[in-house]
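Containing mmCIF, C-alpha atoms: query.cif.
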```cif
data_work
loop_
_atom_site.group_PDB
_atom_site.id
_atom_site.type_symbol
_atom_site.label_atom_id
_atom_site.label_comp_id
_atom_site.auth_asym_id
_atom_site.auth_seq_id
_atom_site.Cartn_x
_atom_site.Cartn_y
_atom_site.Cartn_z
ATOM 1 C CA MET A 1 -8.608 -16.416 3.169
ATOM 2 C CA GLY A 2 -6.816 -18.864 5.379
ATOM 3 C CA THR A 3 -3.672 -18.377 7.445
ATOM 4 C CA LEU A 4 -0.050 -18.804 6.501
ATOM 5 C CA ASP A 5 1.564 -21.652 8.350
ATOM 6 C CA ASN A 6 2.915 -20.920 11.812
ATOM 7 C CA GLU A 7 6.589 -21.163 10.866
ATOM 8 C CA LEU A 8 6.659 -17.441 10.068
ATOM 9 C CA GLU A 9 7.618 -15.507 13.196
ATOM 10 C CA ALA A 10 8.300 -11.878 14.072
ATOM 11 C CA GLY A 11 9.504 -10.621 17.410
ATOM 12 C CA GLY A 12 9.186 -14.133 18.838
ATOM 13 C CA SER A 13 5.496 -14.380 17.916
ATOM 14 C CA ARG A 14 3.828 -16.582 15.355
ATOM 15 C CA LEU A 15 1.796 -14.499 12.945
ATOM 16 C CA GLU A 16 -1.079 -15.161 10.568
ATOM 17 C CA VAL A 17 -2.497 -13.278 7.591
ATOM 18 C CA ARG A 18 -6.119 -13.220 6.466
ATOM 19 C CA LEU A 19 -9.033 -10.957 5.619
ATOM 20 C CA ALA A 20 -10.976 -9.314 8.433
ATOM 21 C CA ALA A 21 -13.707 -11.658 9.611
ATOM 22 C CA ASN A 22 -15.990 -9.214 11.433
ATOM 23 C CA GLU A 23 -16.632 -5.600 12.403
ATOM 24 C CA GLU A 24 -14.516 -5.877 15.551
ATOM 25 C CA GLU A 25 -11.431 -6.664 13.492
ATOM 26 C CA ILE A 26 -12.137 -3.797 11.057
ATOM 27 C CA VAL A 27 -12.479 -1.398 14.007
ATOM 28 C CA ALA A 28 -9.145 -2.689 15.319
ATOM 29 C CA ALA A 29 -7.509 -2.060 11.925
ATOM 30 C CA GLN A 30 -8.864 1.499 11.940
ATOM 31 C CA ALA A 31 -7.515 2.024 15.462
ATOM 32 C CA LEU A 32 -4.104 0.724 14.362
ATOM 33 C CA ARG A 33 -4.137 3.120 11.424
ATOM 34 C CA TYR A 34 -4.917 5.983 13.799
ATOM 35 C CA ARG A 35 -2.006 5.102 16.102
ATOM 36 C CA VAL A 36 0.443 4.888 13.217
ATOM 37 C CA PHE A 37 -0.725 7.718 10.949
ATOM 38 C CA TYR A 38 -1.955 10.287 13.482
ATOM 39 C CA GLU A 39 -0.193 9.630 16.773
ATOM 40 C CA GLU A 40 3.127 8.438 15.378
ATOM 41 C CA MET A 41 3.457 10.176 12.000
ATOM 42 C CA GLY A 42 1.696 13.444 12.812
ATOM 43 C CA ALA A 43 -1.297 13.292 10.468
ATOM 44 C CA LYS A 44 -4.159 15.689 11.247
ATOM 45 C CA PRO A 45 -7.368 13.906 12.296
ATOM 46 C CA THR A 46 -10.862 15.236 11.864
ATOM 47 C CA PRO A 47 -12.662 15.978 15.162
ATOM 48 C CA ALA A 48 -14.648 12.743 14.755
ATOM 49 C CA MET A 49 -11.481 10.699 14.223
ATOM 50 C CA ALA A 50 -9.762 12.303 17.229
ATOM 51 C CA ALA A 51 -12.754 11.590 19.450
ATOM 52 C CA MET A 52 -12.833 7.929 18.418
ATOM 53 C CA HIS A 53 -9.051 7.412 18.030
ATOM 54 C CA SER A 54 -9.868 5.836 14.676
ATOM 55 C CA ASP A 55 -8.885 6.442 11.040
ATOM 56 C CA PHE A 56 -11.914 5.856 8.840
ATOM 57 C CA ASP A 57 -13.595 6.957 5.615
ATOM 58 C CA ASP A 58 -16.295 5.845 3.203
ATOM 59 C CA PHE A 59 -14.046 3.279 1.502
ATOM 60 C CA ASP A 60 -13.778 1.149 4.650
ATOM 61 C CA GLY A 61 -17.308 -0.114 4.153
ATOM 62 C CA VAL A 62 -16.692 -1.528 0.675
ATOM 63 C CA CYS A 63 -13.069 -2.720 0.712
ATOM 64 C CA ASP A 64 -11.457 -5.938 1.896
ATOM 65 C CA HIS A 65 -9.273 -5.441 4.975
ATOM 66 C CA LEU A 66 -6.171 -7.626 4.908
ATOM 67 C CA LEU A 67 -4.866 -8.230 8.436
ATOM 68 C CA VAL A 68 -1.710 -9.526 10.065
ATOM 69 C CA ILE A 69 -2.709 -11.286 13.270
ATOM 70 C CA ASP A 70 -0.670 -12.159 16.361
ATOM 71 C CA PRO A 71 -2.770 -14.704 18.302
ATOM 72 C CA ALA A 72 -0.470 -14.270 21.306
ATOM 73 C CA ARG A 73 -1.970 -10.816 21.877
ATOM 74 C CA GLY A 74 -5.427 -12.219 22.462
ATOM 75 C CA ALA A 75 -8.602 -12.899 20.535
ATOM 76 C CA GLY A 76 -10.523 -10.671 18.132
ATOM 77 C CA GLY A 77 -9.355 -7.129 17.477
ATOM 78 C CA ALA A 78 -6.608 -7.242 20.099
ATOM 79 C CA ALA A 79 -4.590 -9.504 17.803
ATOM 80 C CA VAL A 80 -4.445 -7.113 14.797
ATOM 81 C CA VAL A 81 -0.859 -5.853 14.231
ATOM 82 C CA GLY A 82 -0.880 -5.018 10.517
ATOM 83 C CA THR A 83 -3.378 -4.025 7.861
ATOM 84 C CA TYR A 84 -3.818 -3.238 4.177
ATOM 85 C CA ARG A 85 -6.927 -2.032 2.346
ATOM 86 C CA LEU A 86 -7.812 -3.766 -0.936
ATOM 87 C CA ILE A 87 -10.456 -2.509 -3.389
ATOM 88 C CA ARG A 88 -11.123 -4.632 -6.484
ATOM 89 C CA ARG A 89 -12.092 -2.945 -9.747
ATOM 90 C CA GLU A 90 -15.704 -4.115 -9.708
ATOM 91 C CA VAL A 91 -16.113 -2.951 -6.122
ATOM 92 C CA GLY A 92 -14.655 0.509 -6.769
ATOM 93 C CA GLU A 93 -16.677 0.999 -9.938
ATOM 94 C CA LYS A 94 -19.890 -0.041 -8.189
ATOM 95 C CA PHE A 95 -19.043 2.349 -5.333
ATOM 96 C CA GLY A 96 -18.445 5.090 -7.864
ATOM 97 C CA ARG A 97 -14.839 6.090 -7.201
ATOM 98 C CA PHE A 98 -11.367 5.058 -6.056
ATOM 99 C CA TYR A 99 -9.317 6.753 -3.350
ATOM 100 C CA THR A 100 -6.436 7.385 -5.760
ATOM 101 C CA ALA A 101 -8.722 9.441 -8.018
ATOM 102 C CA SER A 102 -8.793 12.182 -5.357
ATOM 103 C CA GLU A 103 -5.130 12.868 -6.204
ATOM 104 C CA TYR A 104 -4.523 11.402 -9.686
ATOM 105 C CA ASP A 105 -6.212 11.177 -13.055
ATOM 106 C CA ILE A 106 -6.528 7.394 -13.442
ATOM 107 C CA ALA A 107 -8.532 7.506 -16.698
ATOM 108 C CA LYS A 108 -5.807 5.611 -18.571
ATOM 109 C CA LEU A 109 -5.999 2.774 -16.047
ATOM 110 C CA LEU A 110 -9.773 2.649 -16.301
ATOM 111 C CA ASP A 111 -9.747 2.794 -20.110
ATOM 112 C CA LYS A 112 -7.036 0.166 -20.444
ATOM 113 C CA GLY A 113 -9.336 -2.457 -19.011
ATOM 114 C CA GLY A 114 -8.201 -5.556 -17.220
ATOM 115 C CA ASN A 115 -8.794 -6.786 -13.725
ATOM 116 C CA PHE A 116 -7.097 -4.452 -11.252
ATOM 117 C CA MET A 117 -7.260 -3.527 -7.594
ATOM 118 C CA GLU A 118 -6.369 -0.517 -5.485
ATOM 119 C CA LEU A 119 -4.036 -0.845 -2.507
ATOM 120 C CA GLY A 120 -3.957 1.587 0.395
ATOM 121 C CA ARG A 121 -3.797 2.401 4.113
ATOM 122 C CA SER A 122 -0.898 0.032 4.759
ATOM 123 C CA CYS A 123 0.579 0.090 8.261
ATOM 124 C CA VAL A 124 2.170 -2.180 10.847
ATOM 125 C CA ASP A 125 2.348 -1.849 14.623
ATOM 126 C CA ALA A 126 5.708 -0.437 15.769
ATOM 127 C CA GLY A 127 6.637 -3.659 17.546
ATOM 128 C CA TYR A 128 6.182 -5.773 14.404
ATOM 129 C CA ARG A 129 8.065 -3.858 11.706
ATOM 130 C CA THR A 130 10.276 -6.664 10.530
ATOM 131 C CA GLY A 131 11.021 -8.216 7.170
ATOM 132 C CA THR A 132 9.075 -11.279 8.247
ATOM 133 C CA THR A 133 5.918 -9.277 8.890
ATOM 134 C CA MET A 134 6.133 -7.610 5.480
ATOM 135 C CA GLN A 135 6.832 -10.973 3.849
ATOM 136 C CA LEU A 136 3.698 -12.334 5.436
ATOM 137 C CA MET A 137 1.607 -9.341 4.389
ATOM 138 C CA TRP A 138 2.801 -9.652 0.802
ATOM 139 C CA ALA A 139 2.096 -13.377 0.877
ATOM 140 C CA GLY A 140 -1.497 -12.503 1.711
ATOM 141 C CA ILE A 141 -1.661 -9.960 -1.124
ATOM 142 C CA ALA A 142 -0.097 -12.523 -3.476
ATOM 143 C CA SER A 143 -2.767 -15.073 -2.681
ATOM 144 C CA TYR A 144 -5.503 -12.469 -3.112
ATOM 145 C CA VAL A 145 -4.056 -11.395 -6.478
ATOM 146 C CA TRP A 146 -3.643 -14.905 -7.849
ATOM 147 C CA ASP A 147 -6.964 -16.266 -6.623
ATOM 148 C CA ARG A 148 -8.879 -13.329 -8.138
ATOM 149 C CA GLY A 149 -6.916 -12.999 -11.366
ATOM 150 C CA ILE A 150 -5.697 -9.463 -10.699
ATOM 151 C CA ASP A 151 -3.661 -8.002 -13.594
ATOM 152 C CA LEU A 152 -2.590 -4.719 -12.030
ATOM 153 C CA MET A 153 -2.294 -3.238 -8.545
ATOM 154 C CA PHE A 154 -2.159 0.496 -7.936
ATOM 155 C CA GLY A 155 -2.450 3.041 -5.161
ATOM 156 C CA CYS A 156 -0.908 6.059 -3.473
ATOM 157 C CA ALA A 157 2.358 5.506 -1.607
ATOM 158 C CA SER A 158 3.833 8.104 0.712
ATOM 159 C CA LEU A 159 7.179 9.725 1.351
ATOM 160 C CA PRO A 160 7.508 11.449 4.742
ATOM 161 C CA GLY A 161 7.205 15.218 4.838
ATOM 162 C CA THR A 162 5.626 17.904 2.666
ATOM 163 C CA ASP A 163 8.712 19.678 1.266
ATOM 164 C CA PRO A 164 9.451 18.433 -2.278
ATOM 165 C CA GLN A 165 12.916 19.997 -2.229
ATOM 166 C CA ALA A 166 13.835 17.891 0.793
ATOM 167 C CA LEU A 167 12.711 14.856 -1.208
ATOM 168 C CA ALA A 168 14.357 15.941 -4.477
ATOM 169 C CA THR A 169 16.637 12.900 -4.660
ATOM 170 C CA GLN A 170 13.854 10.390 -4.063
ATOM 171 C CA LEU A 171 11.321 12.046 -6.375
ATOM 172 C CA SER A 172 13.854 12.547 -9.167
ATOM 173 C CA TYR A 173 15.040 8.950 -8.897
ATOM 174 C CA LEU A 174 11.464 7.684 -9.201
ATOM 175 C CA TYR A 175 10.830 9.981 -12.172
ATOM 176 C CA HIS A 176 13.973 9.022 -14.098
ATOM 177 C CA TYR A 177 14.136 5.294 -13.316
ATOM 178 C CA HIS A 178 10.608 4.080 -12.582
ATOM 179 C CA ARG A 179 8.091 6.217 -14.466
ATOM 180 C CA ALA A 180 5.152 4.217 -15.824
ATOM 181 C CA PRO A 181 4.641 3.578 -19.545
ATOM 182 C CA ASP A 182 2.620 6.383 -21.122
ATOM 183 C CA GLU A 183 -0.340 4.138 -21.929
ATOM 184 C CA ILE A 184 -1.113 3.503 -18.250
ATOM 185 C CA CYS A 185 0.619 6.452 -16.562
ATOM 186 C CA PRO A 186 -1.617 8.319 -14.091
ATOM 187 C CA ARG A 187 -0.957 12.034 -13.722
ATOM 188 C CA ALA A 188 -1.416 14.130 -10.613
ATOM 189 C CA LEU A 189 -4.492 16.343 -10.854
ATOM 190 C CA PRO A 190 -3.623 19.801 -12.252
ATOM 191 C CA ASP A 191 -4.274 21.722 -9.024
ATOM 192 C CA LEU A 192 -2.234 19.209 -7.001
ATOM 193 C CA PHE A 193 0.623 18.462 -9.437
ATOM 194 C CA VAL A 194 4.182 18.702 -8.067
ATOM 195 C CA ASP A 195 6.998 18.173 -10.566
ATOM 196 C CA MET A 196 9.138 15.147 -9.671
ATOM 197 C CA ASN A 197 11.919 16.001 -12.139
ATOM 198 C CA LEU A 198 13.900 18.122 -9.693
ATOM 199 C CA LEU A 199 17.442 16.806 -10.317
ATOM 200 C CA ASP A 200 19.251 15.707 -13.475
ATOM 201 C CA LYS A 201 19.461 11.959 -13.932
ATOM 202 C CA ASP A 202 23.248 12.102 -14.200
ATOM 203 C CA SER A 203 23.517 13.678 -10.737
ATOM 204 C CA LEU A 204 21.812 10.721 -9.025
ATOM 205 C CA ASN A 205 23.392 7.654 -7.468
ATOM 206 C CA PRO A 206 20.722 5.030 -8.234
ATOM 207 C CA ARG A 207 21.731 2.644 -5.457
ATOM 208 C CA ARG A 208 21.803 5.320 -2.769
ATOM 209 C CA SER A 209 18.609 6.885 -4.082
ATOM 210 C CA LEU A 210 16.777 3.567 -3.919
ATOM 211 C CA ALA A 211 18.095 2.913 -0.417
ATOM 212 C CA SER A 212 16.735 6.274 0.775
ATOM 213 C CA LEU A 213 13.135 5.398 -0.129
ATOM 214 C CA PRO A 214 10.618 4.169 2.472
ATOM 215 C CA PRO A 215 10.496 0.351 2.762
ATOM 216 C CA LEU A 216 7.011 0.098 1.269
ATOM 217 C CA VAL A 217 7.969 2.069 -1.844
ATOM 218 C CA LYS A 218 11.114 -0.030 -2.257
ATOM 219 C CA GLY A 219 8.944 -3.121 -1.957
ATOM 220 C CA TYR A 220 6.728 -1.966 -4.817
ATOM 221 C CA LEU A 221 9.744 -1.258 -7.014
ATOM 222 C CA ARG A 222 11.233 -4.672 -6.302
ATOM 223 C CA LEU A 223 7.963 -6.156 -7.528
ATOM 224 C CA GLY A 224 8.512 -4.408 -10.853
ATOM 225 C CA GLY A 225 6.510 -1.332 -9.931
ATOM 226 C CA PHE A 226 6.153 1.989 -11.738
ATOM 227 C CA VAL A 227 5.154 5.463 -10.571
ATOM 228 C CA GLY A 228 2.853 8.007 -12.141
ATOM 229 C CA ASP A 229 3.705 11.522 -13.332
ATOM 230 C CA GLY A 230 3.765 14.116 -10.579
ATOM 231 C CA ALA A 231 3.716 13.970 -6.800
ATOM 232 C CA VAL A 232 0.952 15.262 -4.515
ATOM 233 C CA ILE A 233 1.357 16.981 -1.144
ATOM 234 C CA ASP A 234 -1.020 15.463 1.412
ATOM 235 C CA HIS A 235 -1.144 18.002 4.223
ATOM 236 C CA GLN A 236 -3.557 15.928 6.310
ATOM 237 C CA PHE A 237 -1.162 12.987 6.451
ATOM 238 C CA ASN A 238 2.033 15.096 6.450
ATOM 239 C CA THR A 239 3.328 13.216 3.389
ATOM 240 C CA THR A 240 4.244 13.589 -0.255
ATOM 241 C CA ASP A 241 2.395 10.976 -2.298
ATOM 242 C CA VAL A 242 3.284 9.177 -5.500
ATOM 243 C CA CYS A 243 1.020 6.898 -7.491
ATOM 244 C CA VAL A 244 2.463 3.389 -7.721
ATOM 245 C CA MET A 245 1.436 0.608 -10.119
ATOM 246 C CA VAL A 246 2.529 -3.028 -10.210
ATOM 247 C CA LYS A 247 1.619 -5.193 -13.208
ATOM 248 C CA THR A 248 1.503 -8.749 -11.948
ATOM 249 C CA GLU A 249 3.100 -10.014 -15.170
ATOM 250 C CA LEU A 250 6.172 -7.952 -14.278
ATOM 251 C CA VAL A 251 6.687 -9.504 -10.856
ATOM 252 C CA THR A 252 10.277 -10.720 -10.604
ATOM 253 C CA ALA A 253 11.096 -14.421 -10.849
ATOM 254 C CA LYS A 254 11.997 -14.482 -7.170
ATOM 255 C CA TYR A 255 8.575 -13.254 -6.138
ATOM 256 C CA MET A 256 6.808 -15.482 -8.655
ATOM 257 C CA LYS A 257 8.366 -18.506 -6.957
ATOM 258 C CA HIS A 258 7.482 -17.109 -3.549
ATOM 259 C CA TYR A 259 3.890 -16.466 -4.619
ATOM 260 C CA ASP A 260 3.544 -19.968 -6.038
ATOM 261 C CA ARG A 261 4.632 -21.417 -2.697
ATOM 262 C CA THR A 262 2.133 -19.318 -0.793
ATOM 263 C CA ARG A 263 -0.766 -20.660 -2.840
ATOM 264 C CA ASP A 264 -0.320 -23.993 -1.150
ATOM 265 C CA VAL A 265 -0.885 -22.478 2.296
ATOM 266 C CA LEU A 266 -3.244 -19.593 1.580
ATOM 267 C CA ALA A 267 -6.801 -20.467 0.577
ATOM 268 C CA ALA A 268 -9.324 -18.228 -1.113
ATOM 269 C CA THR A 269 -12.230 -16.942 0.928
#
```

Let's see the structure in the file written out as structure tokens.
Amino acid sequence: MGTLDNELEAGGSRLEVRLAANEEEIVAAQALRYRVFYEEMGAKPTPAMAAMHSDFDDFDGVCDHLLVIDPARGAGGAAVVGTYRLIRREVGEKFGRFYTASEYDIAKLLDKGGNFMELGRSCVDAGYRTGTTMQLMWAGIASYVWDRGIDLMFGCASLPGTDPQALATQLSYLYHYHRAPDEICPRALPDLFVDMNLLDKDSLNPRRSLASLPPLVKGYLRLGGFVGDGAVIDHQFNTTDVCVMVKTELVTAKYMKHYDRTRDVLAAT
């Protein structure tokens, strides 16, 4: 994957997006994930993670690591300021599992067929959390999706905290306004299932409810995204997770035009 042209800037720096080119850059992405998830957001690391100041698991060895790079920070891993983990269907099936399957029954997605990919472990360095950085990251995902003919993207997205009642507005809004069609709707595993239908639909203010969601979840919804049935409490990461799906055919006209433009400046690997 090539780089987006240098006109995109965030915080006064010119940024690039591409796949990780070597082990050093993957290690840097894992270190960034550790800083954001564990040091900043209060996730609970394993002893091995704490010793290495790194967030890692078995999926890191088989996925593609999408990176946002700031060349002004230096060469190699020092330049990594954003990351996303991408696992294509054929890769996950060859590996034997998907991360989302640890929380959700995704049998309907698997049975439905089509060319899909799993998204996960998205984070951005605190100094680069701007709309421009997210635009650049999504431009990279757009190129990846179009060049590989991806029909559907899915993954776990997180709301902060582990108290569903404190998140009743957000969970209920997602349940009433963005629940996935039954034929592809994942369901939280029985021993993890948390009901999202906590408030009546009529009691919700849709605009305010949408505004209260984390930026990443709002981004998925603006791409035409759906959520699965049931939330899952992730005590390790101190979050409440929902399963999000985005069918590429449902991407809004605005993003379709944006994606088409990015194809001229993002090349396939």

Would you mind listing what lies within 10 Å of Asp182 in chain A as an NGL selection string, with all atoms listed in the file counted and same-chain residues fewer than 2 positions away left out? :A and (108 or 179-180 or 184-187 or 228-229)

Excluding range 44-52 of chain A and its own-chain neighbours fewer than 5 positions away, which residues fall within 9 Å of it when counting all atoms listed in the file? Please give them as a PDB file with C-alpha atoms, keeping the file's coordinate frame.
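Dumped to part.pdb:
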```pdb
ATOM      1  CA  ALA A  31      -7.515   2.024  15.462  1.00  0.00           C
ATOM      2  CA  TYR A  34      -4.917   5.983  13.799  1.00  0.00           C
ATOM      3  CA  PHE A  37      -0.725   7.718  10.949  1.00  0.00           C
ATOM      4  CA  TYR A  38      -1.955  10.287  13.482  1.00  0.00           C
ATOM      5  CA  HIS A 235      -1.144  18.002   4.223  1.00  0.00           C
ATOM      6  CA  GLN A 236      -3.557  15.928   6.310  1.00  0.00           C
ATOM      7  CA  PHE A 237      -1.162  12.987   6.451  1.00  0.00           C
ATOM      8  CA  ASN A 238       2.033  15.096   6.450  1.00  0.00           C
TER       9      ASN A 238
END
```

When you draw a straight line from CA of His178 in chain A to CA of Pro190 in chain A, how long is it in Å? 21.2 Å

For this structure, which residues satisfy the selection - the PyMOL selection byres ((chain A and resi 169) around 8) - when it is evaluated on the file as given? I want them as a count of residues only. 11

Restricting the calculation to all atoms listed in the file, which member of A:Val145, A:Ala29, A:Val227, A:Ile69 is positioned closest to Tyr84 in chain A? A:Ala29

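Excluding Gly225 in chain A itself and any same-chain residue fewer than 6 positions from it, the protein and nucleic acid residues within 8 Å of it, counting only C-alpha atoms, are His178, Val244, Met245, Val246, Lys247 and Leu250 of chain A.
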
Using C-alpha atoms, can you write the selected residues to a file as a PDB file, in the coordinates of the input?
```
ATOM      1  CA  HIS A 178      10.608   4.080 -12.582  1.00  0.00           C
ATOM      2  CA  VAL A 244       2.463   3.389  -7.721  1.00  0.00           C
ATOM      3  CA  MET A 245       1.436   0.608 -10.119  1.00  0.00           C
ATOM      4  CA  VAL A 246       2.529  -3.028 -10.210  1.00  0.00           C
ATOM      5  CA  LYS A 247       1.619  -5.193 -13.208  1.00  0.00           C
ATOM      6  CA  LEU A 250       6.172  -7.952 -14.278  1.00  0.00           C
TER       7      LEU A 250
END
```

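Between Arg14 in chain A and the residues A:Arg33, A:Arg97, A:Arg88, A:Arg73, the shortest atom-to-atom distance, using only C-alpha atoms, involves A:Arg73.
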
Would you work out the distance separating CA of Leu221 in chain A from CA of Tyr177 in chain A, expressed in Å to one decimal? 10.1 Å

Please write as a PDB file with C-alpha atoms, in the coordinates of the input the full residue list that the PyMOL selection byres ((chain A and resi 194) around 6) yields on this file.
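Listed below is the output, result.pdb:
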```pdb
ATOM      1  CA  PHE A 193       0.623  18.462  -9.437  1.00  0.00           C
ATOM      2  CA  ASP A 195       6.998  18.173 -10.566  1.00  0.00           C
ATOM      3  CA  GLY A 230       3.765  14.116 -10.579  1.00  0.00           C
ATOM      4  CA  ALA A 231       3.716  13.970  -6.800  1.00  0.00           C
ATOM      5  CA  VAL A 232       0.952  15.262  -4.515  1.00  0.00           C
TER       6      VAL A 232
END
```

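Here CA of Glu93 in chain A is placed at a distance of 20.6 Å from CA of Ile141 in chain A.
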
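Closest approach to Asp125 in chain A from the set A:Leu216, A:Leu32, A:Leu210, A:Ile106 is made by A:Leu32, with distances taken over only C-alpha atoms.
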
With only C-alpha atoms counted, which protein, DNA or RNA residues have an atom no more than 12 Å from (9.3, -1.0, 12.2) in the file frame? Please answer as a ChimeraX atom specification. /A:10-11,36,40,81-82,123-134,214-216

Where does the PyMOL selection byres ((chain A and resi 89) around 10) land in this file, that is, which residues does it pick, as JSON, numbers by chain? {"A": [86, 87, 88, 90, 91, 92, 93, 94, 95, 97, 98, 110, 113, 114, 115, 116, 117, 118, 150, 152, 153]}

Between A:Leu192, A:Ala101, A:Met137, A:Ala21, which residue has the minimum interatomic distance to Val68 in chain A, considering only C-alpha atoms? A:Met137

Provide range 113-131 of chain A of the preceding structure as a file containing N, CA and C atoms, as a compact mmCIF listing (two decimals), in the first residue's frame.
```txt
# COMPACT_ATOMS: atom_id res chain seq x y z
N GLY A 113 -21.53 -16.13 3.48
CA GLY A 113 -20.56 -16.09 2.39
C GLY A 113 -20.11 -14.67 2.10
N GLY A 114 -19.46 -14.50 0.98
CA GLY A 114 -18.96 -13.19 0.62
C GLY A 114 -17.55 -12.97 1.13
N ASN A 115 -16.97 -11.91 0.65
CA ASN A 115 -15.59 -11.59 0.99
C ASN A 115 -15.60 -10.52 2.07
N PHE A 116 -15.27 -10.90 3.31
CA PHE A 116 -15.33 -9.94 4.41
C PHE A 116 -13.98 -9.82 5.09
N MET A 117 -13.89 -8.84 5.99
CA MET A 117 -12.70 -8.72 6.82
C MET A 117 -13.10 -8.23 8.20
N GLU A 118 -12.25 -8.57 9.17
CA GLU A 118 -12.45 -8.15 10.55
C GLU A 118 -11.55 -6.96 10.86
N LEU A 119 -12.14 -5.96 11.50
CA LEU A 119 -11.41 -4.77 11.94
C LEU A 119 -11.22 -4.83 13.46
N GLY A 120 -10.10 -4.30 13.94
CA GLY A 120 -9.92 -4.27 15.39
C GLY A 120 -8.70 -3.50 15.81
N ARG A 121 -8.55 -3.35 17.14
CA ARG A 121 -7.40 -2.72 17.78
C ARG A 121 -7.07 -1.35 17.17
N SER A 122 -8.11 -0.54 16.97
CA SER A 122 -7.90 0.80 16.42
C SER A 122 -7.50 1.77 17.52
N CYS A 123 -6.44 2.52 17.30
CA CYS A 123 -6.08 3.59 18.25
C CYS A 123 -5.16 4.60 17.57
N VAL A 124 -5.16 5.79 18.15
CA VAL A 124 -4.36 6.91 17.63
C VAL A 124 -3.66 7.58 18.80
N ASP A 125 -2.43 7.95 18.62
CA ASP A 125 -1.66 8.68 19.63
C ASP A 125 -2.43 9.94 20.05
N ALA A 126 -2.34 10.27 21.34
CA ALA A 126 -3.12 11.39 21.90
C ALA A 126 -2.88 12.70 21.17
N GLY A 127 -1.68 12.91 20.67
CA GLY A 127 -1.38 14.16 19.99
C GLY A 127 -1.87 14.25 18.56
N TYR A 128 -2.53 13.18 18.07
CA TYR A 128 -2.92 13.13 16.66
C TYR A 128 -4.41 12.83 16.48
N ARG A 129 -5.20 13.01 17.52
CA ARG A 129 -6.62 12.67 17.44
C ARG A 129 -7.41 13.83 16.83
N THR A 130 -7.30 13.92 15.54
CA THR A 130 -7.99 14.95 14.78
C THR A 130 -8.83 14.29 13.70
N GLY A 131 -9.75 15.07 13.14
CA GLY A 131 -10.56 14.57 12.04
C GLY A 131 -9.70 14.19 10.84
```
